[in-house]
Each structure stands twice: as C-alpha cells, then as structure tokens.
$ cat input_5.txt   # compact mmCIF, C-alpha atoms
# COMPACT_ATOMS: atom_id res chain seq x y z
CA MET A 10 3.92 18.70 2.64
CA ARG A 11 5.39 18.68 6.16
CA LEU A 12 5.79 15.00 7.08
CA PHE A 13 7.04 12.73 9.83
CA VAL A 14 7.03 9.00 10.57
CA GLY A 15 5.83 7.83 13.95
CA LEU A 16 3.80 5.52 16.10
CA ASP A 17 0.21 6.42 16.83
CA LEU A 18 -1.07 5.61 20.31
CA PRO A 19 -4.24 3.69 21.19
CA ALA A 20 -7.21 5.70 22.49
CA GLU A 21 -6.81 4.39 26.07
CA ILE A 22 -3.17 5.56 26.21
CA LYS A 23 -4.18 8.98 24.84
CA GLN A 24 -6.88 9.23 27.53
CA ALA A 25 -4.32 8.31 30.22
CA LEU A 26 -1.98 11.03 28.90
CA LEU A 27 -4.81 13.57 28.95
CA LYS A 28 -5.57 12.63 32.57
CA PHE A 29 -1.85 12.96 33.37
CA GLN A 30 -1.87 16.48 31.91
CA SER A 31 -4.77 17.32 34.25
CA GLU A 32 -2.72 16.05 37.20
CA LEU A 33 0.18 18.25 36.12
CA ARG A 34 -2.13 21.28 35.89
CA LEU A 35 -3.51 20.53 39.38
CA LEU A 36 0.06 20.57 40.68
CA GLY A 37 0.42 24.06 39.16
CA VAL A 38 2.36 23.23 36.01
CA ASN A 39 1.72 25.73 33.20
CA GLY A 40 2.62 25.57 29.54
CA SER A 41 1.29 24.86 26.08
CA PHE A 42 -0.23 21.41 26.60
CA LYS A 43 -0.58 19.13 23.58
CA SER A 44 -4.04 17.99 22.47
CA LEU A 45 -5.19 14.39 22.69
CA ASP A 46 -5.10 14.07 18.88
CA ASN A 47 -1.42 15.05 18.76
CA PHE A 48 -0.03 12.39 21.13
CA HIS A 49 2.40 10.14 19.23
CA ILE A 50 5.98 8.86 19.22
CA THR A 51 8.10 10.38 16.45
CA LEU A 52 10.49 7.98 14.73
CA GLU A 53 11.72 10.27 11.96
CA PHE A 54 11.00 13.92 11.13
CA LEU A 55 11.11 14.46 7.37
CA GLY A 56 10.18 18.13 7.10
CA GLU A 57 8.84 19.69 3.92
CA LEU A 58 8.67 17.17 1.07
CA ASP A 59 7.25 17.29 -2.41
CA VAL A 60 4.27 14.99 -2.91
CA SER A 61 6.25 13.16 -5.63
CA ARG A 62 8.45 11.63 -2.86
CA ILE A 63 5.53 9.88 -1.16
CA PRO A 64 5.61 6.64 -3.23
CA ALA A 65 9.29 6.02 -2.37
CA LEU A 66 8.52 6.87 1.24
CA THR A 67 5.54 4.52 1.58
CA GLU A 68 7.40 1.70 -0.18
CA THR A 69 10.30 2.09 2.26
CA LEU A 70 7.96 2.17 5.28
CA SER A 71 6.18 -0.99 4.10
CA ARG A 72 9.42 -2.86 3.45
CA VAL A 73 11.00 -1.93 6.79
CA ALA A 74 7.82 -2.56 8.82
CA SER A 75 7.46 -6.03 7.29
CA ASN A 76 10.77 -7.03 8.92
CA TYR A 77 9.32 -6.69 12.45
CA LYS A 78 6.81 -8.49 14.58
CA PRO A 79 4.50 -6.45 16.88
CA PHE A 80 6.12 -5.52 20.20
CA ASN A 81 5.08 -3.91 23.48
CA LEU A 82 5.93 -0.44 24.72
CA ASN A 83 4.84 1.39 27.83
CA ILE A 84 4.53 5.05 28.69
CA VAL A 85 5.91 6.04 32.07
CA GLY A 86 7.18 8.99 34.07
CA LEU A 87 8.04 12.55 33.25
CA GLY A 88 11.11 14.10 31.68
CA ALA A 89 12.18 17.46 30.27
CA PHE A 90 14.26 18.64 27.34
CA PRO A 91 16.98 19.81 27.73
CA SER A 92 16.65 19.41 31.54
CA PHE A 93 14.31 20.01 34.46
CA GLU A 94 16.42 23.06 35.36
CA ARG A 95 15.87 24.69 31.94
CA PRO A 96 12.84 22.95 30.40
CA HIS A 97 11.47 23.81 26.97
CA THR A 98 9.51 20.52 26.61
CA LEU A 99 7.86 18.17 29.11
CA TRP A 100 7.51 14.57 27.97
CA THR A 101 6.69 11.06 29.11
CA ALA A 102 9.22 8.30 28.61
CA VAL A 103 8.81 5.25 26.43
CA ASN A 104 9.95 1.91 27.88
CA GLY A 105 9.35 -1.74 27.12
CA SER A 106 10.81 -3.44 24.05
CA LEU A 107 13.29 -0.64 23.39
CA THR A 108 15.69 -2.96 21.56
CA GLU A 109 13.00 -3.65 18.95
CA LEU A 110 11.94 0.00 18.81
CA ASN A 111 15.53 1.15 18.30
CA ARG A 112 16.18 -1.51 15.64
CA LEU A 113 13.02 -0.44 13.78
CA ARG A 114 13.91 3.24 13.98
CA ASP A 115 17.57 2.66 13.00
CA GLU A 116 16.64 0.53 9.97
CA LEU A 117 14.04 3.08 8.92
CA HIS A 118 16.60 5.89 9.29
CA SER A 119 19.20 4.01 7.25
CA GLU A 120 16.79 3.04 4.46
CA LEU A 121 15.38 6.58 4.18
CA ARG A 122 18.89 8.05 4.06
CA ASN A 123 19.76 5.54 1.30
CA LYS A 124 16.76 6.90 -0.64
CA SER A 125 18.22 10.44 -0.31
CA PHE A 126 15.78 11.75 2.28
CA GLU A 127 17.31 14.52 4.40
CA LEU A 128 17.14 13.39 8.04
CA GLU A 129 18.07 14.75 11.43
CA GLU A 130 21.16 13.07 12.87
CA ARG A 131 20.52 13.64 16.57
CA GLN A 132 20.25 10.68 18.93
CA PHE A 133 16.83 9.03 19.02
CA LYS A 134 15.10 9.52 22.38
CA PRO A 135 11.62 7.96 22.27
CA HIS A 136 9.06 10.08 24.11
CA VAL A 137 5.57 11.54 23.97
CA THR A 138 5.48 15.34 24.21
CA MET A 139 3.11 16.57 26.91
CA ALA A 140 3.74 20.35 26.90
CA SER A 141 6.01 22.95 25.41
CA ARG A 142 7.31 26.04 27.22
CA PRO A 143 6.44 24.52 30.63
CA ASN A 144 6.71 26.43 33.87
CA PHE A 145 6.85 24.52 37.14
CA ASP A 146 9.02 26.76 39.31
CA ASN A 147 8.66 25.94 43.03
CA ILE A 148 6.47 22.90 42.28
CA ASP A 149 7.35 19.43 43.56
CA ILE A 150 6.86 17.24 40.48
CA SER A 151 8.67 14.27 42.02
CA VAL A 152 5.24 12.75 42.86
CA VAL A 153 4.54 12.25 39.12
CA GLN A 154 8.03 11.55 37.76
CA SER A 155 7.54 7.78 37.79
CA ALA A 156 3.82 7.56 36.97
CA MET A 157 2.92 4.45 34.92
CA LEU A 158 0.53 5.55 32.17
CA GLY A 159 -0.06 2.36 30.21
CA GLU A 160 1.23 -0.35 27.90
CA PHE A 161 0.37 -0.99 24.26
CA LEU A 162 1.24 -3.22 21.32
CA VAL A 163 3.00 -1.56 18.39
CA LYS A 164 1.42 -3.00 15.23
CA GLU A 165 2.15 -0.35 12.60
CA VAL A 166 4.27 2.59 11.56
CA VAL A 167 2.43 5.72 10.41
CA LEU A 168 3.29 8.47 7.93
CA PHE A 169 1.81 11.69 9.32
CA GLU A 170 1.26 15.06 7.70
CA SER A 171 1.59 18.06 9.99
CA ARG A 172 -0.42 21.17 9.06
CA ALA A 173 -1.12 24.44 10.82
CA ILE A 174 -4.88 24.99 10.94
CA GLY A 175 -6.29 27.91 12.89
CA GLY A 176 -2.97 28.45 14.64
CA LYS A 177 -2.78 24.84 15.87
CA ARG A 178 -0.83 21.84 14.61
CA VAL A 179 -3.02 19.09 13.20
CA TYR A 180 -1.55 15.66 12.44
CA THR A 181 -3.23 13.50 9.79
CA ASP A 182 -2.22 9.92 9.07
CA LEU A 183 -1.54 9.51 5.36
CA PHE A 184 -0.28 5.92 5.31
CA LYS A 185 0.06 2.98 7.70
CA ALA A 186 2.59 0.18 7.28
CA GLY A 187 1.73 -2.88 9.35
CA LEU A 188 4.31 -4.94 11.22
CA GLU A 189 4.27 -8.63 10.33
CA PRO A 190 1.96 -10.59 12.68

$ encode --input "input_5.txt" --output "structure tokens"
Amino acid sequence: MRLFVGLDLPAEIKQALLKFQSELRLLGVNGSFKSLDNFHITLEFLGELDVSRIPALTETLSRVASNYKPFNLNIVGLGAFPSFERPHTLWTAVNGSLTELNRLRDELHSELRNKSFELEERQFKPHVTMASRPNFDNIDISVVQSAMLGEFLVKEVVLFESRAIGGKRVYTDLFKAGLEP
C-alpha cells in the first residue's frame, strides 16, 4: 500500500482552490492541474508499506494527535518548487498557526521514525499542490501571488492511501485521528 499522512481540507477550501485554478488558467497558465479530491497538506510521505504496519501507524497517529488542540491554518498565495524560474510544481502556501503545525509534524516524524518507518528527511514546507509541470512563460502571475483562499480549523490527521486508477492518482482516507477538543 502506498501511504501518506496529511491534513484533509474542508469542501469550501477545496472549492476556493478549484476557482483559483480557473483563474490561473484564464491568465494562460498550463500544466497538469490537480483534481478537487486530491487537495491536501502532506505531513509525512510513507511510501509503499505492508498492510501489517497499519496498526502501529494508526496507534502512533492517534497518540500524537491527542497531544494537540485544534488550530487554524489559512491558504494563501502562489509558490513554485524549486523556483518560479524553473518550476516543476505550483502550490499555495499554508499560513496561520504554523508553530502548532510544525510541532505536530515534527512529533509525528519523530514517533514514526522511532517505530522504524522509513521517512524522507527533507525540510517540511507546508503547501497544497495546484499543478505539476506548469508553464507560465511570459505571463504576469504577480496578480495572484498573494491571493487569500480561505481559513480552516485543523481537527484531525488523516492516513491516506494513494492508488493509480485509470492513469490518475486517487487518495482514499483510511484512518482519521482527531485532535483533542
């Protein structure tokens, strides 16, 4: 099973992101735009795991999530990996209670590593992917670089399965660990 841990987004945020994609297209931006169902914030990519690892994974998610109270995040602006000059991914930034988000992600990372999960060690940069392989040569995107797309309350951490179905990535939530109210 190909798995990752992330934050799902409320329907109204997903709709705002879809509208933002339309604005980008109207400006002339091309690329492989993500579908509404695939908008999320990745906290930890786990890769291919045997199903036997899921109980340890869900127990860890539940334990870590219970250490946090719900917190607010907002989705704003436009960025590119690795840069606007050589983009391979367009994304929107995540702002708000970043201290809480980073603490949650760091504790999750540490606990999963302690349970012998193989994890990526690159710096965490919270974002929502909008498009891959974008092309916006000779297009002024400065008008959308600081667009405010919405705010939401993080109430749970989700274990997602990623599968290729009909040539497209489909993300299914397998488990949700609620933050303590």

$ residues_near_point --input "input_5.txt" --point "(1.3, 2.3, 33.3)" --cutoff "12 Å" --atoms "only C-alpha atoms" --output "JSON, numbers by chain"
{"A": [21, 22, 25, 26, 29, 82, 83, 84, 85, 86, 101, 102, 103, 104, 105, 153, 155, 156, 157, 158, 159, 160, 161]}

$ atom_distance --input "input_5.txt" --atom1 "atom CA of Lys23 of chain A" --atom2 "atom CA of Thr138 of chain A"
11.6 Å

$ atom_distance --input "input_5.txt" --atom1 "atom CA of Arg34 of chain A" --atom2 "atom CA of Ile50 of chain A"
22.3 Å

$ atom_distance --input "input_5.txt" --atom1 "atom CA of Leu99 of chain A" --atom2 "atom CA of His136 of chain A"
9.6 Å

$ closest_atom_pairs --input "input_5.txt" --of "segment 110-134 of chain A" --to "segment 11-14 of chain A" --cutoff "12 Å" --atoms "all atoms listed in the file" --output "tab-separated table"
residue	atom	partner	partner_atom	distance
A:Leu113	CA	A:Val14	CA	11.6
A:Arg114	CA	A:Val14	CA	9.6
A:Leu117	CA	A:Val14	CA	9.3
A:His118	CA	A:Val14	CA	10.1
A:Leu121	CA	A:Val14	CA	10.8
A:Phe126	CA	A:Leu12	CA	11.6
A:Glu127	CA	A:Phe13	CA	11.8
A:Leu128	CA	A:Phe13	CA	10.3
A:Glu129	CA	A:Phe13	CA	11.3

$ decode --input "input_5.txt" --residues "segment 104-118 of chain A" --atoms "N, CA, C and O atoms" --output "compact mmCIF listing (two decimals), in the first residue's frame"
# COMPACT_ATOMS: atom_id res chain seq x y z
N ASN A 104 -0.41 29.19 5.88
CA ASN A 104 -0.05 30.12 6.95
C ASN A 104 -0.99 29.91 8.12
O ASN A 104 -1.84 29.05 8.09
N GLY A 105 -0.86 30.74 9.12
CA GLY A 105 -1.71 30.62 10.31
C GLY A 105 -0.89 30.12 11.47
O GLY A 105 0.24 30.57 11.70
N SER A 106 -1.41 29.13 12.19
CA SER A 106 -0.74 28.58 13.37
C SER A 106 0.36 27.62 12.97
O SER A 106 0.31 26.41 13.26
N LEU A 107 1.40 28.16 12.32
CA LEU A 107 2.49 27.32 11.81
C LEU A 107 3.31 26.71 12.93
O LEU A 107 3.86 25.61 12.76
N THR A 108 3.39 27.37 14.08
CA THR A 108 4.12 26.79 15.20
C THR A 108 3.47 25.47 15.61
O THR A 108 4.15 24.45 15.79
N GLU A 109 2.14 25.47 15.72
CA GLU A 109 1.42 24.24 16.07
C GLU A 109 1.56 23.19 14.98
O GLU A 109 1.77 22.02 15.26
N LEU A 110 1.41 23.62 13.73
CA LEU A 110 1.53 22.68 12.61
C LEU A 110 2.91 22.03 12.60
O LEU A 110 3.03 20.81 12.46
N ASN A 111 3.95 22.83 12.76
CA ASN A 111 5.31 22.30 12.75
C ASN A 111 5.58 21.39 13.95
O ASN A 111 6.25 20.36 13.81
N ARG A 112 5.05 21.74 15.11
CA ARG A 112 5.20 20.87 16.29
C ARG A 112 4.53 19.52 16.04
O ARG A 112 5.10 18.46 16.35
N LEU A 113 3.30 19.55 15.50
CA LEU A 113 2.56 18.33 15.19
C LEU A 113 3.33 17.47 14.20
O LEU A 113 3.55 16.28 14.42
N ARG A 114 3.79 18.09 13.13
CA ARG A 114 4.52 17.34 12.10
C ARG A 114 5.84 16.79 12.65
O ARG A 114 6.20 15.64 12.40
N ASP A 115 6.57 17.59 13.43
CA ASP A 115 7.85 17.14 13.98
C ASP A 115 7.68 15.99 14.96
O ASP A 115 8.46 15.04 14.95
N GLU A 116 6.66 16.06 15.81
CA GLU A 116 6.41 14.97 16.75
C GLU A 116 6.01 13.70 16.00
O GLU A 116 6.47 12.60 16.31
N LEU A 117 5.16 13.86 15.01
CA LEU A 117 4.74 12.73 14.19
C LEU A 117 5.95 12.09 13.52
O LEU A 117 6.13 10.86 13.54
N HIS A 118 6.81 12.91 12.94
CA HIS A 118 8.02 12.44 12.26
C HIS A 118 8.90 11.64 13.24
O HIS A 118 9.36 10.54 12.93
